[in-house]
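Taking it in order: structure first as structure tokens, then the write-up.
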Amino acid sequence: MMKIFAYGIREDEEPSLKKWEQANPDVEVGFTNNTLTADSARMAEGSDGVVTLQTSDYTREALEVLHNLGIKYISIRNVGFDNFNFQDLNDFGFTLTNVPVYSPNAIAEHAVLLMGRLLRRTPEFAQKIEDGNFTWAPTIGKEYREQTVGVIGTGHIGRVTMQILKGFGCKIIAYDVYHNPEIEKQGLYVDTLEELYKQADIITLHVPLFDSNKHMINDKAIEQMKDGVYIINCARGELIDTDALIKGLDSGKVAGAGLDVIDNENSVFGKKWSSIDNIPNEKIRNLAKRLNVIVTPHSAFYTETAIHNMITTSFDSNKSLIEGLKPDNIVNTNK
């Protein structure tokens, strides 16, 4: 009987995992809620493959332990693989799969909700009501249909975001290095990021993270944007230079931001703090205390549908690898 060991399994994932086990009686499944580290890697002894999910880095030491246990297959339960060093994976002969699409709607809906909450100034009204102030003026909002939204990245999530925004009557423009034929037909692409920055009232990011686009939203980019722009990030925190964003918010150039991800978020996200004032990351604390910034803890993906798909796809992929098959979602680690 083949055996798969899983890391970082949360309580909310267990029902989907049990369903997968029942549907695959030929696989023995072991799991832990610990992340994959050099110490916990030893728990996978006797396994043919591992399934994992974490936001912290996968260390060379942990991968070496798996390699020494004879394990060659790793399946992650999420899209992003930027916390792996591909050289390490190649040195130890690992094959890696991800879950390219688990629920584009989950993340797209979250991004659009962040926009709406900022446009209608929901955090400010919440503060007023907490203070016993039930007046509406002067906290005036804006309507979706008056906004030009610049969508950066037209993959699965970007395209669903565009569909939702069309329903609200927004004008949409898009930028992507690789043009989607359907979006191309609709004439929504602009030629440069600078052009998008100049036109957009709201900018929403839906691109993967590469070395080439780290801190793509920086001082220069923000200077090129319209005054009073809103910036939404439900992709990767490192796409935005936090110092540049804070400067933009301080000057009023940036009217607000909706952030499900933030650079260096692992110092704060996934932990409980007694208050915002006790958050150890000064920049995240700065952002979280602003009434024109909405911070959510990398939770855009977190729906029942997405969790089920993440479990099912990752375990299916790992089983296929063990059986000698080549699933479509193998990550190219030779880039």
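For the structure tokens, the naming scheme is as follows: chains receive sequential letters (A, B, ...) according to their order of presentation, residues are indexed from 1 within each chain, and ligands are indexed from 1 in presentation order.
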What are the DSSP helix (DSSP H, G or I) residues of region 26-157 of chain A, as a tab-separated table (two decimals) with all heavy atoms, in the first residue's frame?
```tsv
chain	number	residue	atom	x	y	z
A	40	SER	N	10.48	18.06	11.67
A	40	SER	CA	9.22	17.38	11.36
A	40	SER	C	9.32	16.50	10.12
A	40	SER	O	8.51	15.59	9.94
A	40	SER	CB	8.08	18.40	11.18
A	40	SER	OG	8.30	19.20	10.04
A	41	ALA	N	10.30	16.78	9.25
A	41	ALA	CA	10.46	15.97	8.03
A	41	ALA	C	10.61	14.49	8.35
A	41	ALA	O	10.17	13.62	7.57
A	41	ALA	CB	11.67	16.46	7.23
A	42	ARG	N	11.18	14.17	9.51
A	42	ARG	CA	11.40	12.77	9.90
A	42	ARG	C	10.08	12.02	10.11
A	42	ARG	O	10.04	10.79	10.10
A	42	ARG	CB	12.26	12.70	11.16
A	42	ARG	CG	13.68	13.22	10.92
A	42	ARG	CD	14.52	13.22	12.18
A	42	ARG	NE	15.89	13.65	11.89
A	42	ARG	CZ	16.27	14.93	11.80
A	42	ARG	NH1	15.37	15.89	12.01
A	42	ARG	NH2	17.51	15.24	11.51
A	43	MET	N	9.01	12.78	10.32
A	43	MET	CA	7.71	12.14	10.52
A	43	MET	C	7.21	11.43	9.27
A	43	MET	O	6.31	10.59	9.33
A	43	MET	CB	6.68	13.20	10.96
A	43	MET	CG	7.02	13.89	12.27
A	43	MET	SD	5.91	15.28	12.63
A	43	MET	CE	4.45	14.41	13.16
A	44	ALA	N	7.78	11.78	8.11
A	44	ALA	CA	7.34	11.19	6.84
A	44	ALA	C	8.04	9.87	6.52
A	44	ALA	O	7.85	9.32	5.44
A	44	ALA	CB	7.57	12.18	5.71
A	60	ARG	N	16.47	23.99	2.90
A	60	ARG	CA	17.27	22.93	2.27
A	60	ARG	C	17.43	21.75	3.23
A	60	ARG	O	17.39	20.59	2.81
A	60	ARG	CB	18.64	23.48	1.88
A	60	ARG	CG	19.51	22.47	1.12
A	60	ARG	CD	20.83	23.07	0.67
A	60	ARG	NE	21.66	22.08	-0.03
A	60	ARG	CZ	21.60	21.81	-1.32
A	60	ARG	NH1	20.73	22.48	-2.08
A	60	ARG	NH2	22.37	20.90	-1.87
A	61	GLU	N	17.57	22.05	4.52
A	61	GLU	CA	17.75	21.00	5.53
A	61	GLU	C	16.54	20.07	5.58
A	61	GLU	O	16.67	18.85	5.65
A	61	GLU	CB	18.01	21.61	6.91
A	61	GLU	CG	19.33	22.34	7.07
A	61	GLU	CD	19.36	23.69	6.35
A	61	GLU	OE1	18.28	24.27	6.11
A	61	GLU	OE2	20.48	24.16	6.02
A	62	ALA	N	15.34	20.67	5.51
A	62	ALA	CA	14.12	19.86	5.55
A	62	ALA	C	14.02	18.98	4.30
A	62	ALA	O	13.68	17.79	4.38
A	62	ALA	CB	12.90	20.76	5.65
A	63	LEU	N	14.34	19.55	3.15
A	63	LEU	CA	14.28	18.80	1.90
A	63	LEU	C	15.32	17.67	1.89
A	63	LEU	O	15.06	16.58	1.37
A	63	LEU	CB	14.48	19.73	0.71
A	63	LEU	CG	13.41	20.82	0.53
A	63	LEU	CD1	13.75	21.72	-0.65
A	63	LEU	CD2	12.02	20.20	0.34
A	64	GLU	N	16.47	17.94	2.48
A	64	GLU	CA	17.51	16.92	2.53
A	64	GLU	C	17.06	15.72	3.37
A	64	GLU	O	17.33	14.57	3.02
A	64	GLU	CB	18.80	17.51	3.10
A	64	GLU	CG	19.98	16.55	3.06
A	64	GLU	CD	21.29	17.20	3.47
A	64	GLU	OE1	21.27	18.31	4.04
A	64	GLU	OE2	22.34	16.57	3.21
A	65	VAL	N	16.36	16.00	4.47
A	65	VAL	CA	15.86	14.89	5.30
A	65	VAL	C	14.87	14.05	4.49
A	65	VAL	O	14.94	12.81	4.50
A	65	VAL	CB	15.18	15.43	6.58
A	65	VAL	CG1	14.51	14.29	7.35
A	65	VAL	CG2	16.20	16.13	7.48
A	66	LEU	N	13.94	14.70	3.78
A	66	LEU	CA	12.98	13.95	2.95
A	66	LEU	C	13.72	13.11	1.90
A	66	LEU	O	13.38	11.95	1.67
A	66	LEU	CB	12.01	14.91	2.25
A	66	LEU	CG	11.01	15.67	3.12
A	66	LEU	CD1	10.13	16.55	2.24
A	66	LEU	CD2	10.14	14.72	3.94
A	67	HIS	N	14.72	13.73	1.28
A	67	HIS	CA	15.52	13.02	0.26
A	67	HIS	C	16.18	11.78	0.85
A	67	HIS	O	16.15	10.70	0.26
A	67	HIS	CB	16.57	13.98	-0.30
A	67	HIS	CG	17.60	13.31	-1.15
A	67	HIS	ND1	17.34	12.88	-2.44
A	67	HIS	CD2	18.90	12.97	-0.89
A	67	HIS	CE1	18.43	12.32	-2.94
A	67	HIS	NE2	19.39	12.36	-2.03
A	68	ASN	N	16.74	11.93	2.05
A	68	ASN	CA	17.42	10.80	2.70
A	68	ASN	C	16.44	9.70	3.10
A	68	ASN	O	16.84	8.54	3.29
A	68	ASN	CB	18.21	11.29	3.91
A	68	ASN	CG	19.40	12.13	3.52
A	68	ASN	OD1	19.88	12.06	2.38
A	68	ASN	ND2	19.89	12.96	4.43
A	86	PHE	N	14.38	26.49	-6.01
A	86	PHE	CA	14.34	25.46	-7.06
A	86	PHE	C	15.65	24.68	-7.14
A	86	PHE	O	15.65	23.49	-7.46
A	86	PHE	CB	14.04	26.11	-8.42
A	86	PHE	CG	12.58	26.44	-8.62
A	86	PHE	CD1	11.65	26.22	-7.61
A	86	PHE	CD2	12.13	26.96	-9.83
A	86	PHE	CE1	10.30	26.53	-7.80
A	86	PHE	CE2	10.80	27.25	-10.03
A	86	PHE	CZ	9.88	27.04	-9.02
A	87	GLN	N	16.75	25.34	-6.83
A	87	GLN	CA	18.04	24.65	-6.87
A	87	GLN	C	18.05	23.50	-5.86
A	87	GLN	O	18.55	22.40	-6.15
A	87	GLN	CB	19.18	25.63	-6.57
A	87	GLN	CG	20.59	25.03	-6.77
A	87	GLN	CD	20.84	24.62	-8.21
A	87	GLN	OE1	20.70	25.43	-9.12
A	87	GLN	NE2	21.20	23.36	-8.43
A	88	ASP	N	17.49	23.76	-4.68
A	88	ASP	CA	17.40	22.70	-3.66
A	88	ASP	C	16.57	21.53	-4.17
A	88	ASP	O	16.95	20.36	-4.03
A	88	ASP	CB	16.79	23.24	-2.37
A	88	ASP	CG	17.67	24.27	-1.68
A	88	ASP	OD1	18.87	24.32	-1.99
A	88	ASP	OD2	17.14	25.04	-0.85
A	89	LEU	N	15.41	21.85	-4.76
A	89	LEU	CA	14.54	20.79	-5.28
A	89	LEU	C	15.26	19.96	-6.34
A	89	LEU	O	15.18	18.73	-6.33
A	89	LEU	CB	13.26	21.41	-5.88
A	89	LEU	CG	12.26	22.02	-4.91
A	89	LEU	CD1	11.19	22.79	-5.66
A	89	LEU	CD2	11.60	20.95	-4.04
A	90	ASN	N	15.97	20.64	-7.22
A	90	ASN	CA	16.68	19.93	-8.30
A	90	ASN	C	17.86	19.12	-7.77
A	90	ASN	O	18.12	18.00	-8.23
A	90	ASN	CB	17.14	20.92	-9.36
A	90	ASN	CG	15.97	21.56	-10.08
A	90	ASN	OD1	14.88	20.98	-10.15
A	90	ASN	ND2	16.16	22.75	-10.63
A	91	ASP	N	18.57	19.70	-6.80
A	91	ASP	CA	19.72	18.98	-6.23
A	91	ASP	C	19.30	17.64	-5.63
A	91	ASP	O	20.05	16.66	-5.70
A	91	ASP	CB	20.40	19.84	-5.15
A	91	ASP	CG	21.21	20.98	-5.72
A	91	ASP	OD1	21.44	21.00	-6.96
A	91	ASP	OD2	21.62	21.87	-4.94
A	104	PRO	N	-10.70	30.51	-8.14
A	104	PRO	CA	-10.46	31.90	-8.52
A	104	PRO	C	-11.52	32.84	-7.96
A	104	PRO	O	-11.23	33.97	-7.60
A	104	PRO	CB	-10.53	31.85	-10.05
A	104	PRO	CG	-10.26	30.45	-10.41
A	104	PRO	CD	-10.80	29.61	-9.29
A	105	ASN	N	-12.75	32.31	-7.84
A	105	ASN	CA	-13.85	33.16	-7.33
A	105	ASN	C	-13.60	33.61	-5.91
A	105	ASN	O	-13.93	34.75	-5.55
A	105	ASN	CB	-15.16	32.38	-7.39
A	105	ASN	CG	-15.63	32.16	-8.81
A	105	ASN	OD1	-14.99	31.40	-9.55
A	105	ASN	ND2	-16.69	32.80	-9.21
A	106	ALA	N	-13.01	32.73	-5.08
A	106	ALA	CA	-12.77	33.10	-3.68
A	106	ALA	C	-11.91	34.36	-3.60
A	106	ALA	O	-12.23	35.31	-2.88
A	106	ALA	CB	-12.10	31.95	-2.96
A	107	ILE	N	-10.81	34.38	-4.35
A	107	ILE	CA	-9.87	35.49	-4.27
A	107	ILE	C	-10.41	36.71	-5.01
A	107	ILE	O	-10.30	37.85	-4.53
A	107	ILE	CB	-8.49	35.06	-4.81
A	107	ILE	CG1	-7.94	33.96	-3.90
A	107	ILE	CG2	-7.52	36.24	-4.88
A	107	ILE	CD1	-6.83	33.15	-4.49
A	108	ALA	N	-11.04	36.48	-6.16
A	108	ALA	CA	-11.61	37.60	-6.92
A	108	ALA	C	-12.71	38.30	-6.12
A	108	ALA	O	-12.76	39.54	-6.05
A	108	ALA	CB	-12.18	37.09	-8.25
A	109	GLU	N	-13.59	37.52	-5.49
A	109	GLU	CA	-14.66	38.11	-4.68
A	109	GLU	C	-14.09	38.93	-3.53
A	109	GLU	O	-14.57	40.03	-3.22
A	109	GLU	CB	-15.57	37.01	-4.13
A	109	GLU	CG	-16.47	36.38	-5.18
A	109	GLU	CD	-17.24	35.19	-4.63
A	109	GLU	OE1	-17.25	34.98	-3.39
A	109	GLU	OE2	-17.83	34.45	-5.45
A	110	HIS	N	-13.05	38.41	-2.90
A	110	HIS	CA	-12.44	39.12	-1.78
A	110	HIS	C	-11.86	40.46	-2.24
A	110	HIS	O	-12.05	41.48	-1.57
A	110	HIS	CB	-11.33	38.25	-1.17
A	110	HIS	CG	-10.86	38.70	0.17
A	110	HIS	ND1	-11.51	38.39	1.34
A	110	HIS	CD2	-9.80	39.46	0.53
A	110	HIS	CE1	-10.88	38.93	2.37
A	110	HIS	NE2	-9.82	39.58	1.90
A	111	ALA	N	-11.18	40.44	-3.39
A	111	ALA	CA	-10.60	41.68	-3.92
A	111	ALA	C	-11.68	42.72	-4.19
A	111	ALA	O	-11.54	43.91	-3.84
A	111	ALA	CB	-9.82	41.38	-5.20
A	112	VAL	N	-12.78	42.27	-4.81
A	112	VAL	CA	-13.87	43.21	-5.13
A	112	VAL	C	-14.56	43.71	-3.87
A	112	VAL	O	-14.97	44.88	-3.79
A	112	VAL	CB	-14.86	42.54	-6.11
A	112	VAL	CG1	-16.07	43.44	-6.36
A	112	VAL	CG2	-14.17	42.22	-7.43
A	113	LEU	N	-14.67	42.85	-2.86
A	113	LEU	CA	-15.25	43.29	-1.58
A	113	LEU	C	-14.36	44.33	-0.90
A	113	LEU	O	-14.87	45.30	-0.31
A	113	LEU	CB	-15.47	42.09	-0.66
A	113	LEU	CG	-16.64	41.18	-1.02
A	113	LEU	CD1	-16.58	39.88	-0.23
A	113	LEU	CD2	-17.97	41.89	-0.77
A	114	LEU	N	-13.05	44.14	-0.96
A	114	LEU	CA	-12.14	45.14	-0.40
A	114	LEU	C	-12.33	46.49	-1.08
A	114	LEU	O	-12.36	47.54	-0.42
A	114	LEU	CB	-10.69	44.68	-0.53
A	114	LEU	CG	-10.24	43.53	0.37
A	114	LEU	CD1	-8.81	43.10	0.02
A	114	LEU	CD2	-10.32	43.91	1.85
A	115	MET	N	-12.47	46.47	-2.40
A	115	MET	CA	-12.72	47.72	-3.14
A	115	MET	C	-13.98	48.40	-2.63
A	115	MET	O	-14.00	49.60	-2.36
A	115	MET	CB	-12.90	47.43	-4.64
A	115	MET	CG	-11.69	46.94	-5.37
A	115	MET	SD	-12.14	46.54	-7.10
A	115	MET	CE	-10.82	45.38	-7.49
A	116	GLY	N	-15.07	47.61	-2.52
A	116	GLY	CA	-16.34	48.18	-2.10
A	116	GLY	C	-16.30	48.76	-0.70
A	116	GLY	O	-16.86	49.83	-0.44
A	117	ARG	N	-15.62	48.07	0.19
A	117	ARG	CA	-15.52	48.56	1.57
A	117	ARG	C	-14.74	49.87	1.64
A	117	ARG	O	-15.05	50.75	2.44
A	117	ARG	CB	-14.86	47.50	2.45
A	117	ARG	CG	-15.75	46.28	2.68
A	117	ARG	CD	-15.00	45.18	3.40
A	117	ARG	NE	-14.69	45.55	4.77
A	117	ARG	CZ	-13.82	44.89	5.54
A	117	ARG	NH1	-13.18	43.83	5.06
A	117	ARG	NH2	-13.58	45.29	6.78
A	118	LEU	N	-13.73	49.99	0.77
A	118	LEU	CA	-12.96	51.24	0.73
A	118	LEU	C	-13.77	52.36	0.09
A	118	LEU	O	-13.79	53.49	0.59
A	118	LEU	CB	-11.65	51.03	-0.02
A	118	LEU	CG	-10.59	50.18	0.70
A	118	LEU	CD1	-9.49	49.78	-0.27
A	118	LEU	CD2	-10.00	50.94	1.89
A	119	LEU	N	-14.44	52.05	-1.02
A	119	LEU	CA	-15.23	53.07	-1.72
A	119	LEU	C	-16.35	53.62	-0.84
A	119	LEU	O	-16.65	54.81	-0.87
A	119	LEU	CB	-15.83	52.48	-3.00
A	119	LEU	CG	-14.85	52.17	-4.14
A	119	LEU	CD1	-15.57	51.44	-5.27
A	119	LEU	CD2	-14.19	53.44	-4.67
A	122	THR	N	-16.23	51.92	4.75
A	122	THR	CA	-16.79	51.09	5.82
A	122	THR	C	-16.00	51.17	7.13
A	122	THR	O	-16.61	51.28	8.21
A	122	THR	CB	-16.88	49.63	5.35
A	122	THR	OG1	-17.69	49.59	4.17
A	122	THR	CG2	-17.49	48.74	6.41
A	123	PRO	N	-14.65	51.11	7.12
A	123	PRO	CA	-13.94	51.19	8.40
A	123	PRO	C	-14.20	52.51	9.14
A	123	PRO	O	-14.28	52.52	10.37
A	123	PRO	CB	-12.46	51.09	7.99
A	123	PRO	CG	-12.47	50.41	6.66
A	123	PRO	CD	-13.71	50.89	5.99
A	124	GLU	N	-14.36	53.59	8.37
A	124	GLU	CA	-14.62	54.89	9.02
A	124	GLU	C	-16.01	54.92	9.65
A	124	GLU	O	-16.19	55.44	10.76
A	124	GLU	CB	-14.47	56.01	7.99
A	124	GLU	CG	-13.03	56.18	7.50
A	124	GLU	CD	-12.94	57.03	6.26
A	124	GLU	OE1	-12.98	58.27	6.40
A	124	GLU	OE2	-12.86	56.45	5.15
A	125	PHE	N	-16.99	54.34	8.97
A	125	PHE	CA	-18.33	54.27	9.55
A	125	PHE	C	-18.35	53.36	10.78
A	125	PHE	O	-19.03	53.65	11.77
A	125	PHE	CB	-19.35	53.78	8.51
A	125	PHE	CG	-19.92	54.89	7.67
A	125	PHE	CD1	-19.58	55.01	6.33
A	125	PHE	CD2	-20.78	55.83	8.22
A	125	PHE	CE1	-20.10	56.03	5.55
A	125	PHE	CE2	-21.30	56.86	7.46
A	125	PHE	CZ	-20.96	56.97	6.12
A	126	ALA	N	-17.60	52.28	10.73
A	126	ALA	CA	-17.54	51.38	11.89
A	126	ALA	C	-16.97	52.12	13.10
A	126	ALA	O	-17.47	51.95	14.23
A	126	ALA	CB	-16.68	50.16	11.55
A	127	GLN	N	-15.94	52.93	12.86
A	127	GLN	CA	-15.35	53.71	13.94
A	127	GLN	C	-16.33	54.74	14.48
A	127	GLN	O	-16.46	54.93	15.70
A	127	GLN	CB	-14.08	54.41	13.44
A	127	GLN	CG	-13.32	55.19	14.52
A	127	GLN	CD	-12.78	54.28	15.60
A	127	GLN	OE1	-11.95	53.44	15.36
A	127	GLN	NE2	-13.29	54.44	16.82
A	128	LYS	N	-17.05	55.41	13.57
A	128	LYS	CA	-18.04	56.41	14.00
A	128	LYS	C	-19.12	55.77	14.88
A	128	LYS	O	-19.48	56.30	15.94
A	128	LYS	CB	-18.69	57.07	12.78
A	128	LYS	CG	-17.78	58.08	12.07
A	128	LYS	CD	-18.38	58.59	10.77
A	128	LYS	CE	-19.50	59.58	11.00
A	128	LYS	NZ	-19.90	60.26	9.74
A	129	ILE	N	-19.63	54.63	14.44
A	129	ILE	CA	-20.70	53.97	15.18
A	129	ILE	C	-20.21	53.47	16.53
A	129	ILE	O	-20.90	53.56	17.55
A	129	ILE	CB	-21.32	52.84	14.33
A	129	ILE	CG1	-22.13	53.46	13.19
A	129	ILE	CG2	-22.19	51.92	15.17
A	129	ILE	CD1	-22.62	52.52	12.15
A	130	GLU	N	-18.97	52.98	16.56
A	130	GLU	CA	-18.38	52.56	17.83
A	130	GLU	C	-18.30	53.74	18.80
A	130	GLU	O	-18.44	53.57	20.02
A	130	GLU	CB	-16.98	51.98	17.58
A	130	GLU	CG	-16.42	51.24	18.78
A	130	GLU	CD	-15.08	50.58	18.47
A	130	GLU	OE1	-14.94	50.00	17.38
A	130	GLU	OE2	-14.19	50.66	19.33
A	144	TYR	N	-19.10	52.08	-7.63
A	144	TYR	CA	-18.28	51.23	-8.51
A	144	TYR	C	-18.35	51.72	-9.96
A	144	TYR	O	-17.34	51.76	-10.66
A	144	TYR	CB	-18.80	49.79	-8.49
A	144	TYR	CG	-18.32	48.89	-7.38
A	144	TYR	CD1	-19.17	48.52	-6.34
A	144	TYR	CD2	-17.04	48.36	-7.39
A	144	TYR	CE1	-18.76	47.66	-5.34
A	144	TYR	CE2	-16.61	47.49	-6.40
A	144	TYR	CZ	-17.48	47.14	-5.37
A	144	TYR	OH	-17.06	46.29	-4.39
A	145	ARG	N	-19.55	52.05	-10.43
A	145	ARG	CA	-19.73	52.34	-11.86
A	145	ARG	C	-19.01	53.61	-12.30
A	145	ARG	O	-18.88	53.85	-13.49
A	145	ARG	CB	-21.22	52.42	-12.21
A	145	ARG	CG	-21.95	53.58	-11.53
A	145	ARG	CD	-23.46	53.44	-11.68
A	145	ARG	NE	-24.15	54.49	-10.95
A	145	ARG	CZ	-24.56	55.62	-11.50
A	145	ARG	NH1	-24.33	55.86	-12.78
A	145	ARG	NH2	-25.19	56.52	-10.77
A	146	GLU	N	-18.54	54.39	-11.35
A	146	GLU	CA	-17.78	55.59	-11.69
A	146	GLU	C	-16.28	55.34	-11.74
A	146	GLU	O	-15.51	56.25	-12.02
A	146	GLU	CB	-18.07	56.69	-10.66
A	146	GLU	CG	-19.52	57.14	-10.64
A	146	GLU	CD	-19.85	57.99	-9.42
A	146	GLU	OE1	-19.09	57.90	-8.42
A	146	GLU	OE2	-20.84	58.73	-9.47
A	156	HIS	N	-6.54	33.21	-14.25
A	156	HIS	CA	-7.86	32.77	-13.79
A	156	HIS	C	-8.49	33.79	-12.84
A	156	HIS	O	-9.65	34.17	-13.00
A	156	HIS	CB	-7.75	31.41	-13.07
A	156	HIS	CG	-7.31	30.30	-13.95
A	156	HIS	ND1	-8.11	29.74	-14.91
A	156	HIS	CD2	-6.13	29.63	-14.02
A	156	HIS	CE1	-7.46	28.77	-15.54
A	156	HIS	NE2	-6.25	28.68	-15.02
A	157	ILE	N	-7.73	34.23	-11.84
A	157	ILE	CA	-8.28	35.13	-10.82
A	157	ILE	C	-8.57	36.50	-11.40
A	157	ILE	O	-9.63	37.09	-11.16
A	157	ILE	CB	-7.33	35.23	-9.61
A	157	ILE	CG1	-7.15	33.86	-8.97
A	157	ILE	CG2	-7.85	36.24	-8.58
A	157	ILE	CD1	-5.99	33.77	-7.98
```
Residues near region 253-269 of chain A, cut-off 7 Å, only C-alpha atoms, skip fewer than 6 positions along chain, as a short mmCIF file (atom, residue, chain, number, x, y, z; two decimals) with N, CA, C and O atoms, in the first residue's frame:
```
data_model
loop_
_atom_site.label_atom_id
_atom_site.label_comp_id
_atom_site.auth_asym_id
_atom_site.auth_seq_id
_atom_site.Cartn_x
_atom_site.Cartn_y
_atom_site.Cartn_z
N SER A 56 5.91 29.96 5.36
CA SER A 56 7.34 30.08 5.65
C SER A 56 8.15 29.31 4.60
O SER A 56 7.61 28.49 3.86
N LEU A 114 -13.05 44.14 -0.96
CA LEU A 114 -12.14 45.14 -0.40
C LEU A 114 -12.33 46.49 -1.08
O LEU A 114 -12.36 47.54 -0.42
N MET A 115 -12.47 46.47 -2.40
CA MET A 115 -12.72 47.72 -3.14
C MET A 115 -13.98 48.40 -2.63
O MET A 115 -14.00 49.60 -2.36
N LEU A 118 -13.73 49.99 0.77
CA LEU A 118 -12.96 51.24 0.73
C LEU A 118 -13.77 52.36 0.09
O LEU A 118 -13.79 53.49 0.59
N ASP A 227 -4.01 60.78 -8.71
CA ASP A 227 -4.19 61.21 -7.32
C ASP A 227 -5.44 60.54 -6.76
O ASP A 227 -6.49 60.49 -7.43
N GLY A 228 -5.35 60.04 -5.53
CA GLY A 228 -6.51 59.41 -4.89
C GLY A 228 -6.78 57.99 -5.34
O GLY A 228 -7.89 57.48 -5.23
N VAL A 229 -5.74 57.30 -5.83
CA VAL A 229 -5.89 55.93 -6.29
C VAL A 229 -6.09 54.98 -5.11
O VAL A 229 -5.62 55.23 -3.99
N TYR A 230 -6.82 53.89 -5.36
CA TYR A 230 -6.94 52.80 -4.38
C TYR A 230 -6.13 51.61 -4.91
O TYR A 230 -6.19 51.30 -6.11
N ILE A 231 -5.41 50.95 -4.01
CA ILE A 231 -4.57 49.81 -4.41
C ILE A 231 -5.03 48.57 -3.66
O ILE A 231 -5.16 48.59 -2.43
N ILE A 232 -5.29 47.50 -4.41
CA ILE A 232 -5.75 46.23 -3.83
C ILE A 232 -4.71 45.16 -4.12
O ILE A 232 -4.27 45.00 -5.26
N ASN A 233 -4.35 44.39 -3.09
CA ASN A 233 -3.40 43.29 -3.29
C ASN A 233 -3.88 42.02 -2.61
O ASN A 233 -3.85 41.90 -1.38
N CYS A 234 -4.35 41.08 -3.43
CA CYS A 234 -4.71 39.74 -2.94
C CYS A 234 -3.82 38.70 -3.61
O CYS A 234 -4.21 37.54 -3.75
N ALA A 235 -2.62 39.12 -4.04
CA ALA A 235 -1.73 38.22 -4.77
C ALA A 235 -0.55 37.82 -3.90
O ALA A 235 -0.58 36.81 -3.20
N ARG A 236 0.52 38.62 -3.90
CA ARG A 236 1.71 38.37 -3.09
C ARG A 236 2.17 39.69 -2.47
O ARG A 236 2.24 40.72 -3.14
N GLY A 237 2.48 39.65 -1.19
CA GLY A 237 2.85 40.86 -0.46
C GLY A 237 4.05 41.57 -1.04
O GLY A 237 4.13 42.81 -1.04
N GLU A 238 5.01 40.79 -1.55
CA GLU A 238 6.26 41.36 -2.03
C GLU A 238 6.10 42.15 -3.32
O GLU A 238 7.04 42.79 -3.78
N THR A 242 6.36 48.32 0.80
CA THR A 242 5.54 48.86 1.89
C THR A 242 5.92 50.30 2.23
O THR A 242 5.04 51.13 2.51
N ILE A 279 1.70 44.41 17.76
CA ILE A 279 2.24 43.77 16.55
C ILE A 279 3.71 44.16 16.41
O ILE A 279 4.04 45.34 16.43
N ASN A 281 5.83 44.00 13.88
CA ASN A 281 6.25 44.58 12.61
C ASN A 281 5.71 46.00 12.51
O ASN A 281 4.50 46.21 12.34
N ASN A 292 -8.21 54.09 6.37
CA ASN A 292 -8.34 53.97 4.92
C ASN A 292 -7.54 52.79 4.37
O ASN A 292 -7.28 52.71 3.17
N VAL A 293 -7.15 51.89 5.27
CA VAL A 293 -6.47 50.65 4.86
C VAL A 293 -7.20 49.48 5.51
O VAL A 293 -7.48 49.50 6.71
N ILE A 294 -7.53 48.48 4.71
CA ILE A 294 -8.14 47.26 5.24
C ILE A 294 -7.13 46.13 5.09
O ILE A 294 -6.66 45.85 3.98
N VAL A 295 -6.79 45.51 6.21
CA VAL A 295 -5.86 44.39 6.21
C VAL A 295 -6.62 43.12 6.56
O VAL A 295 -7.35 43.09 7.57
N THR A 296 -6.48 42.10 5.74
CA THR A 296 -6.99 40.77 6.09
C THR A 296 -5.80 39.80 6.05
O THR A 296 -4.87 39.98 5.27
N PRO A 297 -5.80 38.78 6.90
CA PRO A 297 -4.60 37.96 7.12
C PRO A 297 -4.38 36.83 6.11
O PRO A 297 -4.37 35.66 6.46
N HIS A 298 -4.19 37.20 4.84
CA HIS A 298 -3.96 36.22 3.77
C HIS A 298 -5.11 35.20 3.76
O HIS A 298 -4.89 33.98 3.65
N SER A 299 -6.33 35.73 3.84
CA SER A 299 -7.51 34.86 3.96
C SER A 299 -8.40 34.89 2.73
O SER A 299 -9.48 34.30 2.74
N ALA A 300 -7.98 35.55 1.66
CA ALA A 300 -8.83 35.66 0.47
C ALA A 300 -9.20 34.29 -0.08
O ALA A 300 -10.31 34.07 -0.57
#
```
Backbone-only DSSP, strand (DSSP E) members of region 22-83 of chain A, as a ChimeraX atom specification
/A:27-31,49-52,73-76
